[in-house]
Structures are given as structure tokens and as C-alpha cells.
>>> print(open('final.pdb').read())   # PDB, C-alpha atoms
ATOM      1  CA  MET A   1     -42.483 -20.376  38.255
ATOM      2  CA  LYS A   2     -44.565 -18.949  41.118
ATOM      3  CA  SER A   3     -43.818 -21.933  43.341
ATOM      4  CA  TYR A   4     -40.120 -21.662  42.455
ATOM      5  CA  GLN A   5     -39.914 -17.954  43.341
ATOM      6  CA  LYS A   6     -41.884 -18.646  46.513
ATOM      7  CA  VAL A   7     -38.937 -20.689  47.795
ATOM      8  CA  PHE A   8     -36.677 -17.610  47.803
ATOM      9  CA  GLU A   9     -39.369 -15.481  49.394
ATOM     10  CA  ASN A  10     -39.747 -18.092  52.123
ATOM     11  CA  ASN A  11     -35.982 -18.132  52.588
ATOM     12  CA  LYS A  12     -35.845 -14.386  53.139
ATOM     13  CA  LYS A  13     -38.643 -14.609  55.685
ATOM     14  CA  TRP A  14     -36.879 -17.496  57.444
ATOM     15  CA  VAL A  15     -33.632 -15.478  57.656
ATOM     16  CA  ALA A  16     -35.483 -12.466  59.034
ATOM     17  CA  ASP A  17     -37.342 -14.578  61.600
ATOM     18  CA  LYS A  18     -34.128 -16.213  62.808
ATOM     19  CA  LYS A  19     -32.312 -12.883  63.134
ATOM     20  CA  ALA A  20     -35.270 -11.394  64.976
ATOM     21  CA  THR A  21     -34.962 -13.988  67.734
ATOM     22  CA  ASP A  22     -31.170 -14.354  67.690
ATOM     23  CA  LYS A  23     -28.933 -11.849  65.907
ATOM     24  CA  GLU A  24     -25.993 -14.267  66.136
ATOM     25  CA  PHE A  25     -27.919 -17.280  64.786
ATOM     26  CA  PHE A  26     -26.039 -17.565  61.488
ATOM     27  CA  ALA A  27     -22.689 -16.708  63.035
ATOM     28  CA  LYS A  28     -23.155 -19.618  65.428
ATOM     29  CA  LEU A  29     -24.383 -21.850  62.611
ATOM     30  CA  SER A  30     -21.216 -21.213  60.611
ATOM     31  CA  GLU A  31     -18.999 -22.417  63.460
ATOM     32  CA  GLY A  32     -19.707 -26.078  62.679
ATOM     33  CA  GLN A  33     -21.973 -28.936  63.641
ATOM     34  CA  ASN A  34     -22.102 -31.326  66.575
ATOM     35  CA  PRO A  35     -25.173 -33.510  66.026
ATOM     36  CA  GLU A  36     -26.004 -36.390  68.342
ATOM     37  CA  PHE A  37     -28.248 -38.093  65.787
ATOM     38  CA  LEU A  38     -27.705 -39.631  62.375
ATOM     39  CA  TYR A  39     -31.121 -39.973  60.750
ATOM     40  CA  ILE A  40     -31.499 -42.309  57.768
ATOM     41  CA  GLY A  41     -34.986 -41.898  56.362
ATOM     42  CA  CYS A  42     -37.118 -42.077  53.262
ATOM     43  CA  SER A  43     -37.027 -39.407  50.547
ATOM     44  CA  ASP A  44     -40.823 -39.062  50.791
ATOM     45  CA  SER A  45     -41.777 -35.386  50.813
ATOM     46  CA  ARG A  46     -44.166 -35.843  53.752
ATOM     47  CA  ALA A  47     -41.548 -36.943  56.276
ATOM     48  CA  THR A  48     -38.716 -34.521  57.076
ATOM     49  CA  ALA A  49     -36.350 -35.425  59.893
ATOM     50  CA  GLU A  50     -36.059 -32.120  61.732
ATOM     51  CA  GLU A  51     -39.820 -31.484  61.788
ATOM     52  CA  LEU A  52     -40.616 -35.002  63.027
ATOM     53  CA  MET A  53     -38.031 -34.742  65.782
ATOM     54  CA  GLY A  54     -38.596 -31.107  66.709
ATOM     55  CA  ALA A  55     -34.892 -30.551  66.069
ATOM     56  CA  GLY A  56     -33.076 -27.416  65.000
ATOM     57  CA  PRO A  57     -30.187 -26.786  62.596
ATOM     58  CA  GLY A  58     -27.020 -28.630  63.580
ATOM     59  CA  GLU A  59     -28.800 -31.234  65.714
ATOM     60  CA  VAL A  60     -29.391 -34.000  63.160
ATOM     61  CA  PHE A  61     -27.149 -35.348  60.396
ATOM     62  CA  VAL A  62     -29.498 -36.580  57.667
ATOM     63  CA  HIS A  63     -29.408 -39.091  54.836
ATOM     64  CA  ARG A  64     -32.512 -39.939  52.809
ATOM     65  CA  ASN A  65     -33.264 -42.324  49.979
ATOM     66  CA  ILE A  66     -36.170 -44.331  48.601
ATOM     67  CA  ALA A  67     -37.559 -46.527  51.403
ATOM     68  CA  ASN A  68     -34.684 -45.798  53.844
ATOM     69  CA  VAL A  69     -32.443 -48.557  52.508
ATOM     70  CA  VAL A  70     -28.946 -49.241  53.875
ATOM     71  CA  SER A  71     -27.093 -51.203  51.207
ATOM     72  CA  ASN A  72     -23.443 -52.128  51.677
ATOM     73  CA  ILE A  73     -22.745 -51.367  48.002
ATOM     74  CA  ASP A  74     -24.267 -47.883  48.188
ATOM     75  CA  LEU A  75     -21.207 -45.673  48.704
ATOM     76  CA  ASN A  76     -23.440 -42.720  49.504
ATOM     77  CA  VAL A  77     -25.064 -44.181  52.606
ATOM     78  CA  MET A  78     -21.867 -45.993  53.630
ATOM     79  CA  SER A  79     -19.928 -42.713  53.452
ATOM     80  CA  VAL A  80     -22.595 -40.934  55.495
ATOM     81  CA  ILE A  81     -22.442 -43.611  58.203
ATOM     82  CA  GLU A  82     -18.630 -43.526  58.262
ATOM     83  CA  TYR A  83     -18.506 -39.742  58.552
ATOM     84  CA  ALA A  84     -21.293 -39.472  61.109
ATOM     85  CA  VAL A  85     -19.963 -42.227  63.372
ATOM     86  CA  ALA A  86     -16.178 -41.872  63.053
ATOM     87  CA  HIS A  87     -15.889 -38.101  62.659
ATOM     88  CA  LEU A  88     -19.035 -36.456  64.019
ATOM     89  CA  LYS A  89     -19.258 -39.163  66.694
ATOM     90  CA  VAL A  90     -23.037 -39.272  66.804
ATOM     91  CA  LYS A  91     -24.610 -40.988  69.804
ATOM     92  CA  HIS A  92     -27.629 -42.394  67.978
ATOM     93  CA  VAL A  93     -28.271 -43.794  64.492
ATOM     94  CA  VAL A  94     -31.948 -43.842  63.555
ATOM     95  CA  ILE A  95     -33.508 -45.731  60.665
ATOM     96  CA  CYS A  96     -36.915 -44.133  60.145
ATOM     97  CA  GLY A  97     -39.501 -45.523  57.760
ATOM     98  CA  HIS A  98     -43.086 -44.391  57.387
ATOM     99  CA  TYR A  99     -46.414 -46.102  56.916
ATOM    100  CA  TYR A 100     -47.805 -46.003  53.373
ATOM    101  CA  CYS A 101     -44.312 -45.821  51.900
ATOM    102  CA  GLY A 102     -44.447 -45.781  48.105
ATOM    103  CA  GLY A 103     -41.098 -47.542  47.775
ATOM    104  CA  VAL A 104     -42.211 -50.476  49.908
ATOM    105  CA  LYS A 105     -45.535 -50.600  48.066
ATOM    106  CA  ALA A 106     -43.709 -50.751  44.729
ATOM    107  CA  ALA A 107     -41.522 -53.581  46.003
ATOM    108  CA  MET A 108     -44.658 -55.590  46.781
ATOM    109  CA  GLN A 109     -45.825 -55.413  43.167
ATOM    110  CA  ALA A 110     -44.909 -58.080  40.637
ATOM    111  CA  GLN A 111     -43.843 -55.709  37.865
ATOM    112  CA  ASP A 112     -40.765 -54.482  36.056
ATOM    113  CA  LEU A 113     -39.899 -50.991  37.280
ATOM    114  CA  GLY A 114     -36.742 -50.489  35.248
ATOM    115  CA  ILE A 115     -33.809 -48.865  37.027
ATOM    116  CA  LEU A 116     -35.728 -49.118  40.305
ATOM    117  CA  ASN A 117     -35.535 -52.935  40.186
ATOM    118  CA  PRO A 118     -32.082 -53.382  41.803
ATOM    119  CA  TRP A 119     -32.909 -50.833  44.508
ATOM    120  CA  LEU A 120     -36.298 -52.342  45.332
ATOM    121  CA  ARG A 121     -34.728 -55.798  45.446
ATOM    122  CA  ASN A 122     -33.341 -54.809  48.845
ATOM    123  CA  ILE A 123     -36.927 -54.583  50.113
ATOM    124  CA  ARG A 124     -38.032 -57.701  48.251
ATOM    125  CA  ASP A 125     -35.213 -59.496  50.036
ATOM    126  CA  VAL A 126     -36.751 -58.368  53.326
ATOM    127  CA  TYR A 127     -40.041 -59.898  52.206
ATOM    128  CA  ARG A 128     -38.248 -63.129  51.294
ATOM    129  CA  ILE A 129     -36.592 -63.341  54.707
ATOM    130  CA  HIS A 130     -39.914 -62.792  56.492
ATOM    131  CA  LYS A 131     -42.171 -64.502  53.938
ATOM    132  CA  LYS A 132     -43.768 -66.909  56.411
ATOM    133  CA  GLU A 133     -44.880 -64.126  58.748
ATOM    134  CA  LEU A 134     -46.026 -61.795  55.976
ATOM    135  CA  ASP A 135     -47.927 -64.417  53.996
ATOM    136  CA  ALA A 136     -49.866 -65.291  57.142
ATOM    137  CA  ILE A 137     -51.292 -61.741  57.242
ATOM    138  CA  THR A 138     -54.519 -61.705  55.217
ATOM    139  CA  ASP A 139     -55.266 -57.982  55.448
ATOM    140  CA  GLU A 140     -53.257 -56.270  52.703
ATOM    141  CA  ASP A 141     -52.868 -52.947  54.534
ATOM    142  CA  ALA A 142     -51.658 -54.739  57.658
ATOM    143  CA  LYS A 143     -49.207 -56.779  55.568
ATOM    144  CA  TYR A 144     -47.979 -53.613  53.843
ATOM    145  CA  ASN A 145     -47.374 -51.793  57.113
ATOM    146  CA  ARG A 146     -45.726 -54.829  58.704
ATOM    147  CA  LEU A 147     -43.283 -55.014  55.784
ATOM    148  CA  ILE A 148     -42.482 -51.340  56.398
ATOM    149  CA  GLU A 149     -41.626 -52.171  60.015
ATOM    150  CA  LEU A 150     -39.583 -55.239  59.044
ATOM    151  CA  ASN A 151     -37.721 -53.197  56.440
ATOM    152  CA  VAL A 152     -36.735 -50.681  59.127
ATOM    153  CA  GLU A 153     -35.487 -53.524  61.342
ATOM    154  CA  GLU A 154     -33.450 -55.082  58.524
ATOM    155  CA  GLN A 155     -31.906 -51.769  57.505
ATOM    156  CA  ALA A 156     -31.000 -51.121  61.152
ATOM    157  CA  THR A 157     -29.347 -54.539  61.154
ATOM    158  CA  ASN A 158     -27.384 -53.514  58.074
ATOM    159  CA  VAL A 159     -26.098 -50.484  59.980
ATOM    160  CA  ILE A 160     -24.986 -52.714  62.848
ATOM    161  CA  LYS A 161     -23.071 -54.907  60.383
ATOM    162  CA  THR A 162     -20.690 -52.058  59.531
ATOM    163  CA  ALA A 163     -17.172 -52.053  60.959
ATOM    164  CA  VAL A 164     -17.272 -48.378  61.934
ATOM    165  CA  VAL A 165     -20.364 -48.833  64.117
ATOM    166  CA  GLN A 166     -18.984 -51.966  65.778
ATOM    167  CA  ARG A 167     -15.583 -50.392  66.476
ATOM    168  CA  GLN A 168     -17.017 -47.151  67.803
ATOM    169  CA  TYR A 169     -19.437 -48.961  70.086
ATOM    170  CA  ILE A 170     -16.680 -51.183  71.510
ATOM    171  CA  ASN A 171     -14.499 -48.131  72.169
ATOM    172  CA  THR A 172     -17.087 -45.627  73.418
ATOM    173  CA  GLY A 173     -20.432 -47.352  74.033
ATOM    174  CA  TYR A 174     -21.957 -45.399  71.150
ATOM    175  CA  PRO A 175     -23.709 -45.155  68.766
ATOM    176  CA  ILE A 176     -26.950 -46.909  69.642
ATOM    177  CA  VAL A 177     -28.987 -47.957  66.583
ATOM    178  CA  HIS A 178     -32.759 -47.394  66.655
ATOM    179  CA  GLY A 179     -35.711 -48.221  64.406
ATOM    180  CA  TRP A 180     -38.638 -45.811  64.057
ATOM    181  CA  VAL A 181     -41.727 -45.544  61.877
ATOM    182  CA  PHE A 182     -43.546 -42.288  61.180
ATOM    183  CA  ASP A 183     -47.338 -42.663  61.137
ATOM    184  CA  VAL A 184     -48.500 -40.240  58.465
ATOM    185  CA  HIS A 185     -52.118 -40.453  59.691
ATOM    186  CA  SER A 186     -51.453 -39.413  63.273
ATOM    187  CA  GLY A 187     -48.111 -37.608  62.963
ATOM    188  CA  ASN A 188     -46.683 -39.813  65.692
ATOM    189  CA  LEU A 189     -43.275 -41.451  65.707
ATOM    190  CA  VAL A 190     -43.412 -45.150  66.594
ATOM    191  CA  ASP A 191     -40.343 -46.567  68.328
ATOM    192  CA  LEU A 192     -39.921 -50.218  67.309
ATOM    193  CA  ASN A 193     -37.834 -50.693  70.468
ATOM    194  CA  LEU A 194     -35.036 -52.622  68.816
ATOM    195  CA  ASN A 195     -32.799 -54.391  71.315
ATOM    196  CA  PHE A 196     -29.532 -52.970  70.005
ATOM    197  CA  GLU A 197     -27.163 -54.926  72.232
ATOM    198  CA  GLU A 198     -28.927 -58.221  71.483
ATOM    199  CA  LYS A 199     -28.863 -57.538  67.749
ATOM    200  CA  LEU A 200     -25.195 -56.525  67.935
ATOM    201  CA  LYS A 201     -24.357 -59.774  69.721
ATOM    202  CA  ASP A 202     -26.174 -61.814  67.058
ATOM    203  CA  ILE A 203     -24.542 -59.858  64.244
ATOM    204  CA  GLN A 204     -21.039 -60.258  65.646
ATOM    205  CA  ALA A 205     -21.385 -64.022  65.559
ATOM    206  CA  ILE A 206     -20.996 -63.688  61.776
ATOM    207  CA  TYR A 207     -20.142 -60.064  60.919
ATOM    208  CA  ASN A 208     -17.625 -59.405  63.693
ATOM    209  CA  LEU A 209     -15.585 -56.463  62.403
ATOM    210  CA  GLY A 210     -15.142 -54.632  65.694
ATOM    211  CA  SER A 211     -11.517 -55.698  66.098
ATOM    212  CA  LEU A 212     -10.488 -54.326  62.718
ATOM    213  CA  LYS A 213      -8.159 -51.315  62.849
TER     214      LYS A 213
END
>>> encode(input="final.pdb", output="C-alpha cells")
Amino acid sequence: MKSYQKVFENNKKWVADKKATDKEFFAKLSEGQNPEFLYIGCSDSRATAEELMGAGPGEVFVHRNIANVVSNIDLNVMSVIEYAVAHLKVKHVVICGHYYCGGVKAAMQAQDLGILNPWLRNIRDVYRIHKKELDAITDEDAKYNRLIELNVEEQATNVIKTAVVQRQYINTGYPIVHGWVFDVHSGNLVDLNLNFEEKLKDIQAIYNLGSLK
């Protein structure tokens, strides 16, 4: 119970610290949000969006799940994308994975993981798509980390497939979709430098939903 009570003690200290630097901090916070970023990341406890980005309250709209998956049948992530893009009108959508991701590691194992199986299949599908490249990597750690990068790229592609992103980009030039990986050893964010416009062009050859009203 000590760790539980510590949370409320930390909260009180946080409130006091914020008021000490800005008496109107919470009044401003209650006025609403206008974030420029939608961050879709992993639920891993070591990688929190605001800390990684050096962002404050109201600057990042956040969704997290195991291994930063964007599945078109997951109403949670689809609703987050719809709200962030169509209503909050974010300028950037970031898919952020991290090296040594437990979800990706589990997906690489040939074992029955119960209710996790259908979720991890999304990552196993990424392996299937890139099997030739991954099987050519003999070092297991390098293969593991490359799958993490490829998973970020595929989930970013899944974001680009959505009608709301395509429509908004056609109408406003935003959002731009990015792929990042957090290096837990160094603390650095790695930009995978996805070519958003090129990927969008490729996607629209098959998943062209931008003209839908």
C-alpha cells in the first residue's frame, strides 16, 4: 500500500510545483486541448510519450497498447485516430515503438499465449510480410530490433490506410504520419524517416478512400 499512497503524495507535490510556477496553470488546462501530435505507442512502462518528447500537458494526444499496433478492427485505436485527426486536427501522427519490446519478442516465439494470440498475430503478419529480409539476419538481437522497426513502419502504413487521414491530408495537407523508435539503452528517439507522401501514393493505389464524404 505504500507505493499506492505514494501516488497521491506525488500528485499533491506536482500540483504545488505547478502552482508555484504558474498560479493559472490548472485554469488554463481546463480550457481545453489543442495538441499538434497524436502519439500511438507501446504500453511499456519505460516509454511515456510526454517524457520522451519533452512535451507538456495539452501538447500530445496519446494512445498506447501492446506493441503499438494499429488494427482496423480495434475500435479503440480507430476512434482515437478519428477524433485526433477530424476533430482535434493534429498536424502529426506518430507511431512509436521501442527496442526490446516485450510484445514483439512474444510474437517471435512459437508458443500459445492464449488471449494474446489474435493481438500478436498482427506482429506475426509483419514478420510474414518481411520474412525474406528477417530470415537473412543471423544475429537474433539484430533480427528482433529490425522487426520492431518494421512493425512501426507497417503500423504507420495502417494509419495511412484510414479514410480520415487521407481525406484530411487532401483537404489541409495534414496530418503527416511518422515512424519512431525509442532506444531504451540510450534514451534517444530514432526517426525512421518514413517518406509519407510516397507511402500515401502507394497506399492510394489500393486503399484510396480520400474521396469519400
>>> atom_distance(input="final.pdb", atom1="atom CA of A:Tyr174", atom2="atom CA of A:Leu52")
22.9 Å
>>> resolve_selection(input="final.pdb", expression="the PyMOL selection byres ((chain A and resi 35) around 12)", output="PyMOL selection string")
chain A and resi 32-34+36-39+50+55-62+83-85+87-93
>>> atom_distance(input="final.pdb", atom1="atom CA of A:Asn11", atom2="atom CA of A:Cys42")
24.0 Å
>>> atom_distance(input="final.pdb", atom1="atom CA of A:Lys12", atom2="atom CA of A:Arg46")
23.0 Å
>>> axis_aligned_box(input="final.pdb", around="stretch 91-109 of chain A", padding_each_side="8 Å", output="JSON")
{"center_x": -36.2, "center_y": -48.3, "center_z": 56.5, "size_x": 39.2, "size_y": 30.6, "size_z": 42.6}
>>> residues_near_point(input="final.pdb", point="(-33.9, -42.0, 61.7)", cutoff="12 Å", atoms="all atoms listed in the file", output="MDAnalysis selection string")
chainID A and resid 36:43 47:50 52:53 60:65 67:70 92:98 152:153 155:156 159 176:182 189:192
>>> residues_around(input="final.pdb", residues="stretch 113-125 of chain A", least_positions_apart="4", cutoff="10 Å", atoms="only C-alpha atoms", output="list in words")
Ile66, Ala67, Asn68, Val69, Val70, Ser71, Asp74, Gly103, Val104, Lys105, Ala106, Ala107, Met108, Gln109, Ile129, His130, Lys131, Leu147, Ile148, Leu150, Asn151, Val152, Glu154 and Gln155 of chain A
>>> resolve_selection(input="final.pdb", expression="the PyMOL selection byres ((chain A and resi 99) around 6)", output="VMD selection string")
chain A and resid 98 100 to 101 145 183
>>> residues_near_point(input="final.pdb", point="(-16.7, -54.6, 64.1)", cutoff="12 Å", atoms="all atoms listed in the file", output="list in words")
Val159, Ile160, Lys161, Thr162, Ala163, Val164, Val165, Gln166, Arg167, Gln168, Tyr169, Ile170, Asn171, Leu200, Lys201, Ile203, Gln204, Ala205, Ile206, Tyr207, Asn208, Leu209, Gly210, Ser211, Leu212 and Lys213 of chain A
>>> closest_residue(input="final.pdb", among="A:Ser45, A:Asn188, A:Asn158, A:Met1", to="A:Asn72", atoms="all atoms listed in the file")
A:Asn158
>>> decode(input="final.pdb", residues="stretch 106-143 of chain A", atoms="N, CA and C atoms", output="PDB file, in the first residue's frame")
ATOM      1  N   ALA A 106       7.453 -11.549 -27.815  1.00  0.00           N
ATOM      2  CA  ALA A 106       6.475 -12.633 -27.650  1.00  0.00           C
ATOM      3  C   ALA A 106       5.968 -13.119 -28.997  1.00  0.00           C
ATOM      4  N   ALA A 107       5.796 -12.198 -29.936  1.00  0.00           N
ATOM      5  CA  ALA A 107       5.303 -12.574 -31.262  1.00  0.00           C
ATOM      6  C   ALA A 107       6.307 -13.419 -32.027  1.00  0.00           C
ATOM      7  N   MET A 108       7.590 -13.330 -31.643  1.00  0.00           N
ATOM      8  CA  MET A 108       8.624 -14.105 -32.313  1.00  0.00           C
ATOM      9  C   MET A 108       8.722 -15.526 -31.779  1.00  0.00           C
ATOM     10  N   GLN A 109       8.019 -15.805 -30.687  1.00  0.00           N
ATOM     11  CA  GLN A 109       8.091 -17.127 -30.068  1.00  0.00           C
ATOM     12  C   GLN A 109       7.004 -18.048 -30.623  1.00  0.00           C
ATOM     13  N   ALA A 110       7.361 -19.286 -30.837  1.00  0.00           N
ATOM     14  CA  ALA A 110       6.398 -20.275 -31.323  1.00  0.00           C
ATOM     15  C   ALA A 110       5.704 -20.922 -30.124  1.00  0.00           C
ATOM     16  N   GLN A 111       4.763 -20.183 -29.527  1.00  0.00           N
ATOM     17  CA  GLN A 111       4.039 -20.711 -28.374  1.00  0.00           C
ATOM     18  C   GLN A 111       2.649 -20.116 -28.285  1.00  0.00           C
ATOM     19  N   ASP A 112       1.771 -20.857 -27.638  1.00  0.00           N
ATOM     20  CA  ASP A 112       0.390 -20.427 -27.451  1.00  0.00           C
ATOM     21  C   ASP A 112       0.335 -19.479 -26.256  1.00  0.00           C
ATOM     22  N   LEU A 113      -0.089 -18.255 -26.504  1.00  0.00           N
ATOM     23  CA  LEU A 113      -0.152 -17.247 -25.444  1.00  0.00           C
ATOM     24  C   LEU A 113      -1.585 -16.840 -25.134  1.00  0.00           C
ATOM     25  N   GLY A 114      -2.520 -17.738 -25.415  1.00  0.00           N
ATOM     26  CA  GLY A 114      -3.907 -17.518 -25.032  1.00  0.00           C
ATOM     27  C   GLY A 114      -4.535 -16.323 -25.714  1.00  0.00           C
ATOM     28  N   ILE A 115      -5.177 -15.455 -24.920  1.00  0.00           N
ATOM     29  CA  ILE A 115      -5.906 -14.321 -25.464  1.00  0.00           C
ATOM     30  C   ILE A 115      -4.993 -13.352 -26.206  1.00  0.00           C
ATOM     31  N   LEU A 116      -3.686 -13.432 -25.948  1.00  0.00           N
ATOM     32  CA  LEU A 116      -2.741 -12.570 -26.654  1.00  0.00           C
ATOM     33  C   LEU A 116      -2.538 -12.998 -28.110  1.00  0.00           C
ATOM     34  N   ASN A 117      -2.907 -14.238 -28.438  1.00  0.00           N
ATOM     35  CA  ASN A 117      -2.644 -14.758 -29.787  1.00  0.00           C
ATOM     36  C   ASN A 117      -3.195 -13.871 -30.907  1.00  0.00           C
ATOM     37  N   PRO A 118      -4.491 -13.501 -30.885  1.00  0.00           N
ATOM     38  CA  PRO A 118      -5.003 -12.692 -32.000  1.00  0.00           C
ATOM     39  C   PRO A 118      -4.357 -11.313 -32.084  1.00  0.00           C
ATOM     40  N   TRP A 119      -3.968 -10.748 -30.933  1.00  0.00           N
ATOM     41  CA  TRP A 119      -3.304  -9.448 -30.954  1.00  0.00           C
ATOM     42  C   TRP A 119      -1.905  -9.569 -31.543  1.00  0.00           C
ATOM     43  N   LEU A 120      -1.150 -10.568 -31.070  1.00  0.00           N
ATOM     44  CA  LEU A 120       0.221 -10.741 -31.539  1.00  0.00           C
ATOM     45  C   LEU A 120       0.277 -11.191 -33.000  1.00  0.00           C
ATOM     46  N   ARG A 121      -0.833 -11.715 -33.510  1.00  0.00           N
ATOM     47  CA  ARG A 121      -0.846 -12.115 -34.915  1.00  0.00           C
ATOM     48  C   ARG A 121      -0.596 -10.922 -35.824  1.00  0.00           C
ATOM     49  N   ASN A 122      -0.989  -9.732 -35.384  1.00  0.00           N
ATOM     50  CA  ASN A 122      -0.702  -8.528 -36.168  1.00  0.00           C
ATOM     51  C   ASN A 122       0.796  -8.372 -36.396  1.00  0.00           C
ATOM     52  N   ILE A 123       1.591  -8.684 -35.372  1.00  0.00           N
ATOM     53  CA  ILE A 123       3.046  -8.562 -35.482  1.00  0.00           C
ATOM     54  C   ILE A 123       3.619  -9.745 -36.242  1.00  0.00           C
ATOM     55  N   ARG A 124       3.043 -10.923 -36.041  1.00  0.00           N
ATOM     56  CA  ARG A 124       3.495 -12.092 -36.802  1.00  0.00           C
ATOM     57  C   ARG A 124       3.226 -11.903 -38.289  1.00  0.00           C
ATOM     58  N   ASP A 125       2.164 -11.183 -38.605  1.00  0.00           N
ATOM     59  CA  ASP A 125       1.891 -10.860 -40.006  1.00  0.00           C
ATOM     60  C   ASP A 125       2.984  -9.960 -40.576  1.00  0.00           C
ATOM     61  N   VAL A 126       3.498  -9.054 -39.747  1.00  0.00           N
ATOM     62  CA  VAL A 126       4.601  -8.198 -40.187  1.00  0.00           C
ATOM     63  C   VAL A 126       5.822  -9.061 -40.499  1.00  0.00           C
ATOM     64  N   TYR A 127       6.070 -10.034 -39.637  1.00  0.00           N
ATOM     65  CA  TYR A 127       7.197 -10.953 -39.885  1.00  0.00           C
ATOM     66  C   TYR A 127       6.971 -11.699 -41.198  1.00  0.00           C
ATOM     67  N   ARG A 128       5.764 -12.166 -41.425  1.00  0.00           N
ATOM     68  CA  ARG A 128       5.465 -12.912 -42.651  1.00  0.00           C
ATOM     69  C   ARG A 128       5.727 -12.059 -43.889  1.00  0.00           C
ATOM     70  N   ILE A 129       5.299 -10.808 -43.838  1.00  0.00           N
ATOM     71  CA  ILE A 129       5.477  -9.908 -44.980  1.00  0.00           C
ATOM     72  C   ILE A 129       6.959  -9.675 -45.271  1.00  0.00           C
ATOM     73  N   HIS A 130       7.765  -9.606 -44.210  1.00  0.00           N
ATOM     74  CA  HIS A 130       9.185  -9.283 -44.360  1.00  0.00           C
ATOM     75  C   HIS A 130      10.077 -10.493 -44.038  1.00  0.00           C
ATOM     76  N   LYS A 131       9.552 -11.683 -44.223  1.00  0.00           N
ATOM     77  CA  LYS A 131      10.248 -12.908 -43.835  1.00  0.00           C
ATOM     78  C   LYS A 131      11.617 -13.038 -44.495  1.00  0.00           C
ATOM     79  N   LYS A 132      11.690 -12.732 -45.781  1.00  0.00           N
ATOM     80  CA  LYS A 132      12.956 -12.887 -46.504  1.00  0.00           C
ATOM     81  C   LYS A 132      14.053 -12.033 -45.888  1.00  0.00           C
ATOM     82  N   GLU A 133      13.740 -10.766 -45.606  1.00  0.00           N
ATOM     83  CA  GLU A 133      14.731  -9.881 -45.002  1.00  0.00           C
ATOM     84  C   GLU A 133      15.100 -10.339 -43.598  1.00  0.00           C
ATOM     85  N   LEU A 134      14.104 -10.679 -42.792  1.00  0.00           N
ATOM     86  CA  LEU A 134      14.361 -11.037 -41.402  1.00  0.00           C
ATOM     87  C   LEU A 134      15.107 -12.352 -41.273  1.00  0.00           C
ATOM     88  N   ASP A 135      14.759 -13.322 -42.085  1.00  0.00           N
ATOM     89  CA  ASP A 135      15.430 -14.627 -42.012  1.00  0.00           C
ATOM     90  C   ASP A 135      16.889 -14.551 -42.456  1.00  0.00           C
ATOM     91  N   ALA A 136      17.221 -13.510 -43.198  1.00  0.00           N
ATOM     92  CA  ALA A 136      18.607 -13.334 -43.641  1.00  0.00           C
ATOM     93  C   ALA A 136      19.484 -12.746 -42.538  1.00  0.00           C
ATOM     94  N   ILE A 137      18.880 -12.270 -41.457  1.00  0.00           N
ATOM     95  CA  ILE A 137      19.630 -11.698 -40.336  1.00  0.00           C
ATOM     96  C   ILE A 137      19.957 -12.813 -39.352  1.00  0.00           C
ATOM     97  N   THR A 138      21.237 -13.105 -39.177  1.00  0.00           N
ATOM     98  CA  THR A 138      21.645 -14.238 -38.334  1.00  0.00           C
ATOM     99  C   THR A 138      21.733 -13.879 -36.861  1.00  0.00           C
ATOM    100  N   ASP A 139      22.026 -12.624 -36.553  1.00  0.00           N
ATOM    101  CA  ASP A 139      22.101 -12.191 -35.160  1.00  0.00           C
ATOM    102  C   ASP A 139      20.682 -11.989 -34.619  1.00  0.00           C
ATOM    103  N   GLU A 140      20.335 -12.700 -33.564  1.00  0.00           N
ATOM    104  CA  GLU A 140      18.963 -12.682 -33.056  1.00  0.00           C
ATOM    105  C   GLU A 140      18.553 -11.313 -32.518  1.00  0.00           C
ATOM    106  N   ASP A 141      19.458 -10.618 -31.842  1.00  0.00           N
ATOM    107  CA  ASP A 141      19.127  -9.285 -31.332  1.00  0.00           C
ATOM    108  C   ASP A 141      18.882  -8.313 -32.481  1.00  0.00           C
ATOM    109  N   ALA A 142      19.708  -8.415 -33.518  1.00  0.00           N
ATOM    110  CA  ALA A 142      19.547  -7.536 -34.679  1.00  0.00           C
ATOM    111  C   ALA A 142      18.226  -7.837 -35.389  1.00  0.00           C
ATOM    112  N   LYS A 143      17.888  -9.117 -35.485  1.00  0.00           N
ATOM    113  CA  LYS A 143      16.614  -9.512 -36.106  1.00  0.00           C
ATOM    114  C   LYS A 143      15.436  -8.978 -35.290  1.00  0.00           C
TER     115      LYS A 143
END
